[in-house]
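K.L.:
Contents are PDB, C-alpha atoms; file name query-v9.pdb:
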```
MODEL        1
ATOM      1  CA  MET A   1     109.346  22.882  14.639
ATOM      2  CA  LYS A   2     111.103  26.202  14.959
ATOM      3  CA  THR A   3     109.984  29.227  12.948
ATOM      4  CA  ARG A   4     111.229  32.808  12.585
ATOM      5  CA  TYR A   5     109.589  36.007  13.794
ATOM      6  CA  TYR A   6     110.515  39.640  14.432
ATOM      7  CA  HIS A   7     109.924  41.516  17.659
ATOM      8  CA  LEU A   8     110.763  44.871  19.241
ATOM      9  CA  PRO A   9     112.398  44.339  22.652
ATOM     10  CA  ARG A  10     113.088  48.091  22.714
ATOM     11  CA  LEU A  11     111.319  50.981  20.980
ATOM     12  CA  THR A  12     114.368  52.886  19.814
ATOM     13  CA  GLY A  13     113.869  52.807  16.046
ATOM     14  CA  VAL A  14     114.420  50.402  13.193
ATOM     15  CA  ASP A  15     117.666  49.057  14.660
ATOM     16  CA  ALA A  16     115.707  47.630  17.585
ATOM     17  CA  LEU A  17     113.991  45.110  15.302
ATOM     18  CA  ARG A  18     115.144  41.586  16.225
ATOM     19  CA  LEU A  19     114.825  38.314  14.303
ATOM     20  CA  ASP A  20     114.307  35.317  16.580
ATOM     21  CA  GLU A  21     112.925  31.779  16.601
ATOM     22  CA  ARG A  22     110.033  30.115  18.391
ATOM     23  CA  GLU A  23     107.873  27.028  18.092
ATOM     24  CA  VAL A  24     105.141  27.023  15.466
ATOM     25  CA  PRO A  25     101.987  27.828  17.473
ATOM     26  CA  ALA A  26      99.121  25.341  17.613
ATOM     27  CA  PRO A  27      95.602  26.674  16.917
ATOM     28  CA  GLY A  28      92.951  26.645  19.592
ATOM     29  CA  PRO A  29      89.418  25.415  18.841
ATOM     30  CA  ARG A  30      88.349  28.589  16.991
ATOM     31  CA  GLU A  31      91.768  29.631  15.685
ATOM     32  CA  VAL A  32      93.420  29.379  12.301
ATOM     33  CA  LEU A  33      97.159  28.974  11.690
ATOM     34  CA  VAL A  34      98.348  30.976   8.674
ATOM     35  CA  ARG A  35     101.665  30.536   6.895
ATOM     36  CA  MET A  36     102.425  34.155   6.102
ATOM     37  CA  ARG A  37     103.718  34.853   2.593
ATOM     38  CA  ALA A  38     103.914  38.646   2.448
ATOM     39  CA  TRP A  39     103.705  41.742   4.639
ATOM     40  CA  SER A  40     103.473  45.493   4.020
ATOM     41  CA  LEU A  41     104.589  48.586   5.897
ATOM     42  CA  ASN A  42     102.601  51.593   7.050
ATOM     43  CA  TYR A  43     103.796  54.860   8.587
ATOM     44  CA  ARG A  44     102.286  53.645  11.857
ATOM     45  CA  ASP A  45     104.928  50.900  11.960
ATOM     46  CA  LEU A  46     107.744  53.449  11.931
ATOM     47  CA  MET A  47     106.057  55.371  14.739
ATOM     48  CA  ILE A  48     105.678  52.226  16.838
ATOM     49  CA  ALA A  49     109.316  51.191  16.355
ATOM     50  CA  SER A  50     110.408  54.673  17.469
ATOM     51  CA  ASN A  51     107.974  54.874  20.419
ATOM     52  CA  ALA A  52     106.233  57.826  18.768
ATOM     53  CA  TYR A  53     102.792  56.261  18.402
ATOM     54  CA  GLY A  54     101.379  57.871  21.537
ATOM     55  CA  ARG A  55      99.375  54.840  22.631
ATOM     56  CA  ALA A  56      99.954  51.904  24.951
ATOM     57  CA  LEU A  57     101.895  49.140  23.235
ATOM     58  CA  LYS A  58     102.428  45.506  24.120
ATOM     59  CA  PRO A  59     105.919  45.005  25.557
ATOM     60  CA  ASP A  60     108.259  43.215  23.131
ATOM     61  CA  VAL A  61     105.573  43.454  20.473
ATOM     62  CA  VAL A  62     105.669  41.557  17.179
ATOM     63  CA  PRO A  63     105.246  44.411  14.667
ATOM     64  CA  LEU A  64     103.137  45.029  11.555
ATOM     65  CA  SER A  65      99.393  44.916  11.070
ATOM     66  CA  ASP A  66      99.347  43.976   7.380
ATOM     67  CA  GLY A  67     100.036  40.566   5.918
ATOM     68  CA  ALA A  68      98.683  37.775   3.751
ATOM     69  CA  GLY A  69      99.205  34.028   3.556
ATOM     70  CA  GLU A  70      97.555  30.646   3.378
ATOM     71  CA  VAL A  71      95.734  28.551   5.965
ATOM     72  CA  VAL A  72      97.766  25.511   7.018
ATOM     73  CA  ASP A  73      95.862  24.345  10.108
ATOM     74  CA  ALA A  74      92.598  25.066  11.905
ATOM     75  CA  GLY A  75      90.980  24.313  15.249
ATOM     76  CA  SER A  76      88.193  21.815  15.780
ATOM     77  CA  GLU A  77      85.425  24.465  15.825
ATOM     78  CA  VAL A  78      86.568  26.441  12.760
ATOM     79  CA  THR A  79      83.919  26.619  10.035
ATOM     80  CA  ARG A  80      84.953  29.660   7.950
ATOM     81  CA  TRP A  81      88.266  28.380   6.563
ATOM     82  CA  ARG A  82      90.032  25.283   5.352
ATOM     83  CA  GLU A  83      93.601  24.350   4.496
ATOM     84  CA  GLY A  84      94.923  26.149   1.430
ATOM     85  CA  ASP A  85      92.627  29.185   1.647
ATOM     86  CA  ARG A  86      94.383  32.451   0.748
ATOM     87  CA  VAL A  87      93.661  35.053   3.429
ATOM     88  CA  ALA A  88      94.582  38.408   4.946
ATOM     89  CA  GLY A  89      94.143  39.492   8.544
ATOM     90  CA  ILE A  90      91.991  42.444   9.547
ATOM     91  CA  PHE A  91      93.603  45.439  11.238
ATOM     92  CA  MET A  92      91.321  45.402  14.297
ATOM     93  CA  PRO A  93      90.398  41.771  15.025
ATOM     94  CA  GLY A  94      87.345  42.747  17.085
ATOM     95  CA  TRP A  95      85.725  45.096  14.572
ATOM     96  CA  LEU A  96      83.629  42.843  12.379
ATOM     97  CA  SER A  97      80.804  45.161  11.319
ATOM     98  CA  GLY A  98      78.869  48.314  12.144
ATOM     99  CA  PRO A  99      80.228  51.635  13.422
ATOM    100  CA  PRO A 100      83.410  51.804  15.514
ATOM    101  CA  ALA A 101      83.225  51.433  19.281
ATOM    102  CA  ALA A 102      85.913  51.201  21.939
ATOM    103  CA  ARG A 103      85.421  47.476  22.475
ATOM    104  CA  LYS A 104      85.638  46.812  18.720
ATOM    105  CA  THR A 105      88.706  48.908  17.963
ATOM    106  CA  ALA A 106      90.819  47.811  20.923
ATOM    107  CA  GLY A 107      93.678  45.466  20.171
ATOM    108  CA  ALA A 108      94.875  46.595  16.728
ATOM    109  CA  LEU A 109      97.578  44.315  15.393
ATOM    110  CA  GLY A 110     101.222  45.252  15.731
ATOM    111  CA  GLY A 111     100.758  47.681  18.629
ATOM    112  CA  PRO A 112      98.473  46.900  21.560
ATOM    113  CA  THR A 113      98.626  43.234  20.489
ATOM    114  CA  ASP A 114     101.185  41.196  18.585
ATOM    115  CA  GLY A 115     101.256  41.736  14.841
ATOM    116  CA  VAL A 116     102.043  39.575  11.857
ATOM    117  CA  LEU A 117     105.774  39.904  11.051
ATOM    118  CA  ALA A 118     106.302  36.179  11.590
ATOM    119  CA  GLU A 119     106.351  33.129   9.355
ATOM    120  CA  TYR A 120     103.356  31.568  11.163
ATOM    121  CA  VAL A 121     100.574  33.560  12.830
ATOM    122  CA  LEU A 122      97.452  32.499  14.716
ATOM    123  CA  PHE A 123      94.186  34.319  13.972
ATOM    124  CA  ASP A 124      90.710  33.934  15.351
ATOM    125  CA  GLN A 125      88.636  32.533  12.503
ATOM    126  CA  GLU A 126      86.533  35.727  12.463
ATOM    127  CA  ALA A 127      89.570  37.996  12.001
ATOM    128  CA  LEU A 128      90.391  37.011   8.408
ATOM    129  CA  VAL A 129      89.094  37.829   4.926
ATOM    130  CA  SER A 130      89.588  36.011   1.636
ATOM    131  CA  ALA A 131      92.299  37.370  -0.653
ATOM    132  CA  PRO A 132      91.017  38.769  -3.979
ATOM    133  CA  ALA A 133      91.458  35.935  -6.486
ATOM    134  CA  HIS A 134      93.517  37.924  -9.022
ATOM    135  CA  LEU A 135      96.026  39.335  -6.533
ATOM    136  CA  ASP A 136      99.261  37.689  -5.419
ATOM    137  CA  PHE A 137     100.271  37.568  -1.760
ATOM    138  CA  ALA A 138     102.387  40.746  -1.936
ATOM    139  CA  GLU A 139      99.506  42.722  -3.449
ATOM    140  CA  THR A 140      97.033  41.291  -0.935
ATOM    141  CA  ALA A 141      99.334  42.247   1.944
ATOM    142  CA  THR A 142      98.946  45.931   1.027
ATOM    143  CA  LEU A 143      95.210  45.921   1.738
ATOM    144  CA  PRO A 144      94.409  45.618   5.484
ATOM    145  CA  CYS A 145      95.349  49.148   6.611
ATOM    146  CA  ALA A 146      95.986  51.532   3.692
ATOM    147  CA  ALA A 147      93.395  50.214   1.263
ATOM    148  CA  VAL A 148      90.624  49.716   3.830
ATOM    149  CA  THR A 149      91.261  53.193   5.237
ATOM    150  CA  ALA A 150      91.057  54.732   1.764
ATOM    151  CA  TRP A 151      87.902  52.778   0.898
ATOM    152  CA  HIS A 152      86.300  53.757   4.210
ATOM    153  CA  ALA A 153      87.100  57.422   3.563
ATOM    154  CA  VAL A 154      86.195  57.608  -0.129
ATOM    155  CA  ALA A 155      83.394  55.080  -0.617
ATOM    156  CA  VAL A 156      81.768  54.601   2.795
ATOM    157  CA  THR A 157      81.798  58.028   4.467
ATOM    158  CA  GLY A 158      82.825  60.166   1.495
ATOM    159  CA  GLY A 159      79.694  59.576  -0.577
ATOM    160  CA  LEU A 160      81.628  58.653  -3.727
ATOM    161  CA  ALA A 161      79.584  59.386  -6.858
ATOM    162  CA  PRO A 162      80.282  60.103 -10.522
ATOM    163  CA  GLY A 163      81.208  63.736 -10.998
ATOM    164  CA  GLN A 164      82.485  64.222  -7.458
ATOM    165  CA  THR A 165      85.834  65.997  -7.052
ATOM    166  CA  VAL A 166      88.405  64.383  -4.763
ATOM    167  CA  LEU A 167      91.845  65.647  -3.750
ATOM    168  CA  THR A 168      94.595  63.220  -2.722
ATOM    169  CA  LEU A 169      97.965  64.179  -1.258
ATOM    170  CA  GLY A 170     101.238  62.569  -2.298
ATOM    171  CA  SER A 171     102.000  59.041  -3.445
ATOM    172  CA  GLY A 172     101.858  56.891  -0.330
ATOM    173  CA  GLY A 173      99.663  53.840   0.052
ATOM    174  CA  VAL A 174      96.471  55.475   1.346
ATOM    175  CA  SER A 175      96.627  58.264  -1.228
ATOM    176  CA  LEU A 176      97.138  55.899  -4.165
ATOM    177  CA  PHE A 177      94.305  53.640  -3.087
ATOM    178  CA  ALA A 178      92.044  56.681  -2.597
ATOM    179  CA  LEU A 179      92.955  57.897  -6.087
ATOM    180  CA  GLN A 180      92.252  54.495  -7.649
ATOM    181  CA  PHE A 181      88.945  54.013  -5.831
ATOM    182  CA  ALA A 182      87.722  57.540  -6.603
ATOM    183  CA  ALA A 183      88.653  57.231 -10.270
ATOM    184  CA  LEU A 184      86.833  53.889 -10.535
ATOM    185  CA  GLY A 185      83.736  55.568  -9.104
ATOM    186  CA  GLY A 186      83.729  58.270 -11.769
ATOM    187  CA  ALA A 187      85.158  61.088  -9.671
ATOM    188  CA  ARG A 188      87.492  63.774 -10.922
ATOM    189  CA  VAL A 189      90.679  63.283  -8.914
ATOM    190  CA  LEU A 190      93.288  65.954  -8.273
ATOM    191  CA  ALA A 191      96.612  64.874  -6.787
ATOM    192  CA  THR A 192      99.640  66.605  -5.296
ATOM    193  CA  SER A 193     103.319  65.692  -5.301
ATOM    194  CA  SER A 194     106.660  67.450  -5.112
ATOM    195  CA  ASP A 195     107.953  65.424  -8.078
ATOM    196  CA  ASP A 196     106.799  65.926 -11.683
ATOM    197  CA  ALA A 197     107.651  62.331 -12.600
ATOM    198  CA  LYS A 198     105.424  61.110  -9.775
ATOM    199  CA  LEU A 199     102.649  63.434 -10.955
ATOM    200  CA  GLU A 200     102.784  61.705 -14.342
ATOM    201  CA  ARG A 201     102.448  58.339 -12.635
ATOM    202  CA  LEU A 202      99.518  59.654 -10.613
ATOM    203  CA  ARG A 203      97.833  60.702 -13.864
ATOM    204  CA  SER A 204      98.376  57.197 -15.244
ATOM    205  CA  LEU A 205      96.415  55.845 -12.270
ATOM    206  CA  GLY A 206      93.459  58.128 -12.912
ATOM    207  CA  ALA A 207      94.274  61.627 -11.659
ATOM    208  CA  THR A 208      93.002  64.291 -14.058
ATOM    209  CA  ASP A 209      94.980  67.147 -12.501
ATOM    210  CA  GLY A 210      98.357  67.313 -10.764
ATOM    211  CA  VAL A 211      99.806  70.028  -8.551
ATOM    212  CA  ASN A 212     103.490  70.277  -7.653
ATOM    213  CA  TYR A 213     103.381  71.559  -4.088
ATOM    214  CA  ALA A 214     107.113  72.250  -4.028
ATOM    215  CA  ARG A 215     106.681  74.853  -6.770
ATOM    216  CA  THR A 216     103.283  76.005  -5.538
ATOM    217  CA  PRO A 217     103.242  76.172  -1.716
ATOM    218  CA  ASP A 218      99.804  77.815  -1.920
ATOM    219  CA  TRP A 219      98.381  74.750  -3.641
ATOM    220  CA  GLY A 220      95.064  74.917  -1.809
ATOM    221  CA  ARG A 221      94.132  78.113  -3.598
ATOM    222  CA  LEU A 222      95.157  76.628  -6.946
ATOM    223  CA  VAL A 223      92.990  73.552  -6.366
ATOM    224  CA  ALA A 224      90.014  75.708  -5.343
ATOM    225  CA  GLU A 225      90.353  77.807  -8.493
ATOM    226  CA  ALA A 226      90.651  74.719 -10.705
ATOM    227  CA  THR A 227      87.424  73.288  -9.290
ATOM    228  CA  ASP A 228      85.275  76.440  -9.246
ATOM    229  CA  GLY A 229      85.270  76.919  -5.496
ATOM    230  CA  GLY A 230      86.870  73.792  -4.095
ATOM    231  CA  VAL A 231      86.746  70.011  -4.116
ATOM    232  CA  ASP A 232      84.019  67.933  -2.539
ATOM    233  CA  HIS A 233      86.401  65.761  -0.566
ATOM    234  CA  VAL A 234      90.037  65.914   0.572
ATOM    235  CA  VAL A 235      91.773  62.715   1.679
ATOM    236  CA  GLU A 236      94.152  64.385   4.121
ATOM    237  CA  VAL A 237      97.228  62.337   5.059
ATOM    238  CA  GLY A 238      99.649  65.124   5.990
ATOM    239  CA  GLY A 239      98.162  66.296   9.270
ATOM    240  CA  ALA A 240      98.939  69.682  10.784
ATOM    241  CA  GLY A 241     101.431  70.625   8.083
ATOM    242  CA  THR A 242      98.979  70.319   5.172
ATOM    243  CA  LEU A 243      95.585  70.839   6.795
ATOM    244  CA  PRO A 244      95.549  74.630   6.267
ATOM    245  CA  GLN A 245      95.959  74.117   2.508
ATOM    246  CA  SER A 246      93.352  71.365   2.506
ATOM    247  CA  LEU A 247      90.908  73.764   4.155
ATOM    248  CA  GLU A 248      91.659  76.226   1.380
ATOM    249  CA  ALA A 249      91.132  73.530  -1.272
ATOM    250  CA  VAL A 250      87.805  72.147  -0.021
ATOM    251  CA  ARG A 251      84.486  73.680  -1.067
ATOM    252  CA  VAL A 252      81.902  75.207   1.248
ATOM    253  CA  GLY A 253      80.068  72.273   2.813
ATOM    254  CA  GLY A 254      82.761  69.830   1.705
ATOM    255  CA  ARG A 255      84.512  67.053   3.592
ATOM    256  CA  ILE A 256      88.054  66.432   4.807
ATOM    257  CA  SER A 257      88.916  62.888   5.881
ATOM    258  CA  LEU A 258      91.811  63.242   8.318
ATOM    259  CA  ILE A 259      93.937  60.107   8.146
ATOM    260  CA  GLY A 260      97.654  60.778   8.536
ATOM    261  CA  VAL A 261     100.079  62.700  10.697
ATOM    262  CA  LEU A 262     103.067  62.758   8.353
ATOM    263  CA  SER A 263     103.757  66.379   9.308
ATOM    264  CA  ARG A 264     103.171  67.739  12.803
ATOM    265  CA  ASP A 265     104.410  71.240  12.015
ATOM    266  CA  GLY A 266     101.986  74.050  11.244
ATOM    267  CA  GLY A 267      98.449  74.633  12.367
ATOM    268  CA  ALA A 268      94.967  75.128  11.019
ATOM    269  CA  ASP A 269      92.640  77.980  11.898
ATOM    270  CA  PRO A 270      89.446  76.332  13.215
ATOM    271  CA  SER A 271      87.432  79.325  11.973
ATOM    272  CA  SER A 272      87.924  77.983   8.439
ATOM    273  CA  VAL A 273      86.017  74.850   9.416
ATOM    274  CA  LEU A 274      83.168  76.949  10.801
ATOM    275  CA  LEU A 275      83.012  79.533   8.028
ATOM    276  CA  LYS A 276      82.966  76.930   5.254
ATOM    277  CA  GLY A 277      80.777  74.420   7.103
ATOM    278  CA  VAL A 278      83.354  71.725   6.482
ATOM    279  CA  THR A 279      82.951  68.195   7.812
ATOM    280  CA  LEU A 280      86.343  67.329   9.319
ATOM    281  CA  GLN A 281      86.377  63.676  10.276
ATOM    282  CA  GLY A 282      89.125  61.502  11.705
ATOM    283  CA  MET A 283      89.208  58.117  10.013
ATOM    284  CA  PHE A 284      89.628  54.711  11.565
ATOM    285  CA  VAL A 285      90.742  51.903   9.289
ATOM    286  CA  GLY A 286      87.520  49.928   8.911
ATOM    287  CA  SER A 287      85.634  46.788   9.855
ATOM    288  CA  ARG A 288      85.825  43.297   8.362
ATOM    289  CA  GLU A 289      82.543  44.044   6.616
ATOM    290  CA  THR A 290      84.126  47.129   4.988
ATOM    291  CA  PHE A 291      87.201  45.092   3.999
ATOM    292  CA  GLU A 292      85.020  42.460   2.324
ATOM    293  CA  GLN A 293      82.970  45.107   0.520
ATOM    294  CA  MET A 294      86.177  46.689  -0.775
ATOM    295  CA  ASN A 295      87.526  43.332  -1.926
ATOM    296  CA  ARG A 296      84.399  42.733  -3.985
ATOM    297  CA  ALA A 297      84.987  46.037  -5.766
ATOM    298  CA  ILE A 298      88.685  45.247  -6.258
ATOM    299  CA  GLU A 299      87.823  41.891  -7.814
ATOM    300  CA  HIS A 300      85.075  43.308 -10.019
ATOM    301  CA  HIS A 301      87.319  46.026 -11.446
ATOM    302  CA  ARG A 302      90.479  43.865 -11.423
ATOM    303  CA  LEU A 303      92.231  46.677  -9.555
ATOM    304  CA  ARG A 304      95.889  46.065  -8.739
ATOM    305  CA  PRO A 305      97.653  47.778  -5.808
ATOM    306  CA  VAL A 306     100.819  49.712  -6.553
ATOM    307  CA  VAL A 307     103.855  47.955  -5.061
ATOM    308  CA  ASP A 308     107.002  50.058  -5.077
ATOM    309  CA  ARG A 309     109.551  47.507  -3.885
ATOM    310  CA  ALA A 310     109.746  44.104  -2.202
ATOM    311  CA  PHE A 311     112.325  42.942   0.357
ATOM    312  CA  PRO A 312     112.915  39.366   1.531
ATOM    313  CA  PHE A 313     111.853  38.424   5.053
ATOM    314  CA  ALA A 314     115.459  38.269   6.266
ATOM    315  CA  GLU A 315     115.921  41.900   5.203
ATOM    316  CA  ALA A 316     112.894  43.367   6.972
ATOM    317  CA  PRO A 317     114.996  46.074   8.698
ATOM    318  CA  ALA A 318     116.160  47.240   5.253
ATOM    319  CA  ALA A 319     112.519  47.501   4.192
ATOM    320  CA  TYR A 320     111.857  49.716   7.227
ATOM    321  CA  ARG A 321     114.815  51.947   6.373
ATOM    322  CA  TYR A 322     113.799  52.257   2.737
ATOM    323  CA  PHE A 323     110.242  53.104   3.741
ATOM    324  CA  ALA A 324     111.477  55.709   6.229
ATOM    325  CA  GLY A 325     113.287  57.488   3.384
ATOM    326  CA  ARG A 326     109.889  58.434   1.881
ATOM    327  CA  GLY A 327     111.085  58.019  -1.678
ATOM    328  CA  HIS A 328     108.614  55.240  -2.431
ATOM    329  CA  PHE A 329     105.629  55.389  -4.779
ATOM    330  CA  GLY A 330     102.973  53.069  -3.411
ATOM    331  CA  LYS A 331     103.540  50.259  -0.946
ATOM    332  CA  VAL A 332     106.752  48.754   0.379
ATOM    333  CA  VAL A 333     106.356  45.027   0.997
ATOM    334  CA  ILE A 334     108.238  42.118   2.541
ATOM    335  CA  THR A 335     107.962  38.640   1.029
ATOM    336  CA  ASP A 336     108.944  35.159   2.150
ATOM    337  CA  GLU A 337     112.057  33.787   0.479
TER     338      GLU A 337
ENDMDL
END
```
Will you turn the file into structure tokens for me?

P.N.:
Amino acid sequence: MKTRYYHLPRLTGVDALRLDEREVPAPGPREVLVRMRAWSLNYRDLMIASNAYGRALKPDVVPLSDGAGEVVDAGSEVTRWREGDRVAGIFMPGWLSGPPAARKTAGALGGPTDGVLAEYVLFDQEALVSAPAHLDFAETATLPCAAVTAWHAVAVTGGLAPGQTVLTLGSGGVSLFALQFAALGGARVLATSSDDAKLERLRSLGATDGVNYARTPDWGRLVAEATDGGVDHVVEVGGAGTLPQSLEAVRVGGRISLIGVLSRDGGADPSSVLLKGVTLQGMFVGSRETFEQMNRAIEHHRLRPVVDRAFPFAEAPAAYRYFAGRGHFGKVVITDE
């Protein structure tokens, strides 16, 4: 039986994305065949399509790391799953637990190895997690990269505790998940945006304070003043362009989790890190163990991801273009027709 999939024969941008057909793959002894029902986009996917990722990529790669679906077939040695199970793939199939290591983090989906933008995808039985019971496929598809990264930053390494102060930047997927997780843990969350309407939506998700960075370019100082010396933790998704303000916003002895590279312009003075004793840590996504821990919290609190817009599978390039426009609030998803 023929089935559809997308691939990138050239890395020249969104227009290089090609829809093609192939045979439905058959699972090996320890593999699971998943009928994919939804997918979500991350900024990384735009970088890969435009050959701006800066890492070795599989030629003619099937893109996207994030997707969810249901098990339709399994190999003879599979014990973790059965037909009909609702699942999501993990971002790094080899990172099951413990701290990151080169052998665990090699082979992330949708870059060094084929990703999930296909109607049927094979996974090793160890490289899947159960979908939270209250979430639909589109909501579940938002979790593998953005949500796990945010949970890893806020709850695992960030020492989330009631009364902590956390700063999130903008209204992309990682930032919204970080806001939601921090608010659930009893933290005071401050959020930035260039749009007052988006700031109101951020408050509705749990932010107690909002800063319009378009009107206040020196927003780091404003955040530090509002928190009596700075926040405990900044979830930094902007990169070089926003890091100087994040260093201004964080308290002495605080933490900055460096996740994104949305802006490469600008530069941070490393003396600020030294003088304030700041922990500046680059964040990986997270292990399967971290994903499962996060899902337990999501189920317990009945948390729902924020989905901005859904596109049908046949219009995946339009989803890429919409996402590239950066007007979204939350996650942009693709769903099966």

K.L.:
Translate the PyMOL selection byres ((chain A and resi 311-325) around 7), as applied to the file shown, into an explicit residue set as a ChimeraX atom specification.

P.N.:
/A:14,17,309-310,326-328,332-337

K.L.:
Could you save those same residues with C-alpha atoms as a PDB file, in the frame of the given file?

P.N.:
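Written out: selection10.pdb:
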```
ATOM      1  CA  VAL A  14     114.420  50.402  13.193  1.00  0.00           C
ATOM      2  CA  LEU A  17     113.991  45.110  15.302  1.00  0.00           C
ATOM      3  CA  ARG A 309     109.551  47.507  -3.885  1.00  0.00           C
ATOM      4  CA  ALA A 310     109.746  44.104  -2.202  1.00  0.00           C
ATOM      5  CA  ARG A 326     109.889  58.434   1.881  1.00  0.00           C
ATOM      6  CA  GLY A 327     111.085  58.019  -1.678  1.00  0.00           C
ATOM      7  CA  HIS A 328     108.614  55.240  -2.431  1.00  0.00           C
ATOM      8  CA  VAL A 332     106.752  48.754   0.379  1.00  0.00           C
ATOM      9  CA  VAL A 333     106.356  45.027   0.997  1.00  0.00           C
ATOM     10  CA  ILE A 334     108.238  42.118   2.541  1.00  0.00           C
ATOM     11  CA  THR A 335     107.962  38.640   1.029  1.00  0.00           C
ATOM     12  CA  ASP A 336     108.944  35.159   2.150  1.00  0.00           C
ATOM     13  CA  GLU A 337     112.057  33.787   0.479  1.00  0.00           C
TER      14      GLU A 337
END
```

K.L.:
With distances taken over all atoms listed in the file, which of A:Ile259, A:Val148, A:Ala56, A:Ile48 is nearest to Glu289 in chain A?

P.N.:
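Of A:Ile259, A:Val148, A:Ala56, A:Ile48, the one nearest Glu289 in chain A is A:Val148, counting all atoms listed in the file.
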
K.L.:
Rounded to one decimal place, report the CA of Leu46 in chain A-CA of Tyr6 in chain A distance in Å.

P.N.:
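Atom-to-atom, CA of Leu46 in chain A and CA of Tyr6 in chain A are spaced 14.3 Å apart.
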
K.L.:
Residues picked by the PyMOL selection byres ((chain A and resi 173-190) around 6) here, as a list of chain:residue names?

P.N.:
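Against this file, the PyMOL selection byres ((chain A and resi 173-190) around 6) returns the residues A:Ala146, A:Ala147, A:Ala150, A:Pro162, A:Gly163, A:Gln164, A:Thr165, A:Val166, A:Leu167, A:Thr168, A:Ser171, A:Gly172, A:Ala191, A:Gly206, A:Ala207, A:Thr208, A:Asp209, A:Gly210, A:Gly330, A:Lys331.
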
K.L.:
Would you write out, as a PyMOL selection string, every residue that the PyMOL selection byres ((chain A and resi 235) around 6) captures in this file?

P.N.:
chain A and resi 168+234+236+257

K.L.:
What's around Val78 in chain A at 9 Å? Count all atoms listed in the file, leave out sequence neighbours fewer than 2 positions away in its own chain, and write the answer as number ranges by chain.

P.N.:
A: 29-32, 74-76, 80-82, 124-125

K.L.:
State, in Å with one decimal place, the distance from CA of Arg4 in chain A to CA of Ala118 in chain A.

P.N.:
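About the pair CA of Arg4 in chain A and CA of Ala118 in chain A: they are 6.1 Å apart.
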
K.L.:
Between A:Val237, A:Cys145, A:Val24, A:Leu258, which residue has the minimum interatomic distance to Asn42 in chain A, considering all atoms listed in the file?

P.N.:
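So, comparing all the options, the nearest one is A:Cys145.
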
K.L.:
Around all listed atoms of range 297-304 of chain A, padded 3 Å per side, what centre and edge lengths does the axis-aligned box have in Å to one decimal, as JSON?

P.N.:
```
{"center_x": 90.4, "center_y": 44.3, "center_z": -8.6, "size_x": 16.9, "size_y": 10.8, "size_z": 11.7}
```

K.L.:
Quick one: residues within 7 Å of range 221-230 of chain A, all atoms listed in the file, excluding same-chain residues fewer than 4 positions away - as a ChimeraX atom specification?

P.N.:
/A:248-251

K.L.:
Can you tell me how far CA of Gly238 in chain A sits from CA of Gly260 in chain A, in Å to one decimal?

P.N.:
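About the pair CA of Gly238 in chain A and CA of Gly260 in chain A: they are 5.4 Å apart.
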
K.L.:
Restricting the calculation to all atoms listed in the file: of A:Thr142, A:Ser130, A:Ser287, A:Asn295, which residue gets closest to Leu96 in chain A?

P.N.:
A:Ser287

K.L.:
Select, from A:Leu275, A:Leu280, A:Val252, A:Leu135, the residue with the minimum atom-to-atom distance to Glu299 in chain A, counting only C-alpha atoms.

P.N.:
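That would be A:Leu135, the residue with the smallest distance to Glu299 in chain A.
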
K.L.:
Residues within 12 Å of (86.6, 42.0, -0.4), file coordinates, counting all atoms listed in the file: what are they? Give the list as a VMD selection string.

P.N.:
chain A and resid 87 to 90 128 to 135 140 143 to 144 147 to 148 151 287 to 303

K.L.:
Export, as a tab-separated table (two decimals), in the coordinates of the input, the selected residues with C-alpha atoms.

P.N.:
```tsv
chain	number	residue	atom	x	y	z
A	87	VAL	CA	93.66	35.05	3.43
A	88	ALA	CA	94.58	38.41	4.95
A	89	GLY	CA	94.14	39.49	8.54
A	90	ILE	CA	91.99	42.44	9.55
A	128	LEU	CA	90.39	37.01	8.41
A	129	VAL	CA	89.09	37.83	4.93
A	130	SER	CA	89.59	36.01	1.64
A	131	ALA	CA	92.30	37.37	-0.65
A	132	PRO	CA	91.02	38.77	-3.98
A	133	ALA	CA	91.46	35.94	-6.49
A	134	HIS	CA	93.52	37.92	-9.02
A	135	LEU	CA	96.03	39.34	-6.53
A	140	THR	CA	97.03	41.29	-0.94
A	143	LEU	CA	95.21	45.92	1.74
A	144	PRO	CA	94.41	45.62	5.48
A	147	ALA	CA	93.40	50.21	1.26
A	148	VAL	CA	90.62	49.72	3.83
A	151	TRP	CA	87.90	52.78	0.90
A	287	SER	CA	85.63	46.79	9.86
A	288	ARG	CA	85.82	43.30	8.36
A	289	GLU	CA	82.54	44.04	6.62
A	290	THR	CA	84.13	47.13	4.99
A	291	PHE	CA	87.20	45.09	4.00
A	292	GLU	CA	85.02	42.46	2.32
A	293	GLN	CA	82.97	45.11	0.52
A	294	MET	CA	86.18	46.69	-0.78
A	295	ASN	CA	87.53	43.33	-1.93
A	296	ARG	CA	84.40	42.73	-3.98
A	297	ALA	CA	84.99	46.04	-5.77
A	298	ILE	CA	88.68	45.25	-6.26
A	299	GLU	CA	87.82	41.89	-7.81
A	300	HIS	CA	85.08	43.31	-10.02
A	301	HIS	CA	87.32	46.03	-11.45
A	302	ARG	CA	90.48	43.86	-11.42
A	303	LEU	CA	92.23	46.68	-9.56
```

K.L.:
Taking (98.0, 37.5, 3.5) in the file's own coordinates, collect the residues within 8 Å, counting all atoms listed in the file, and hand them back as a PyMOL selection string.

P.N.:
chain A and resi 36-39+66-70+86-89+131+137-138+140-141

K.L.:
What's the 8 Å shell around His7 in chain A, counting all atoms listed in the file, without same-chain residues fewer than 3 positions away, as number ranges by chain?

P.N.:
A: 17-20, 60-63, 117

K.L.:
Please, could you write that set of residues out with C-alpha atoms as a compact mmCIF listing (two decimals), in the frame of the given file?

P.N.:
```
# COMPACT_ATOMS: atom_id res chain seq x y z
CA LEU A 17 113.99 45.11 15.30
CA ARG A 18 115.14 41.59 16.23
CA LEU A 19 114.82 38.31 14.30
CA ASP A 20 114.31 35.32 16.58
CA ASP A 60 108.26 43.22 23.13
CA VAL A 61 105.57 43.45 20.47
CA VAL A 62 105.67 41.56 17.18
CA PRO A 63 105.25 44.41 14.67
CA LEU A 117 105.77 39.90 11.05
```
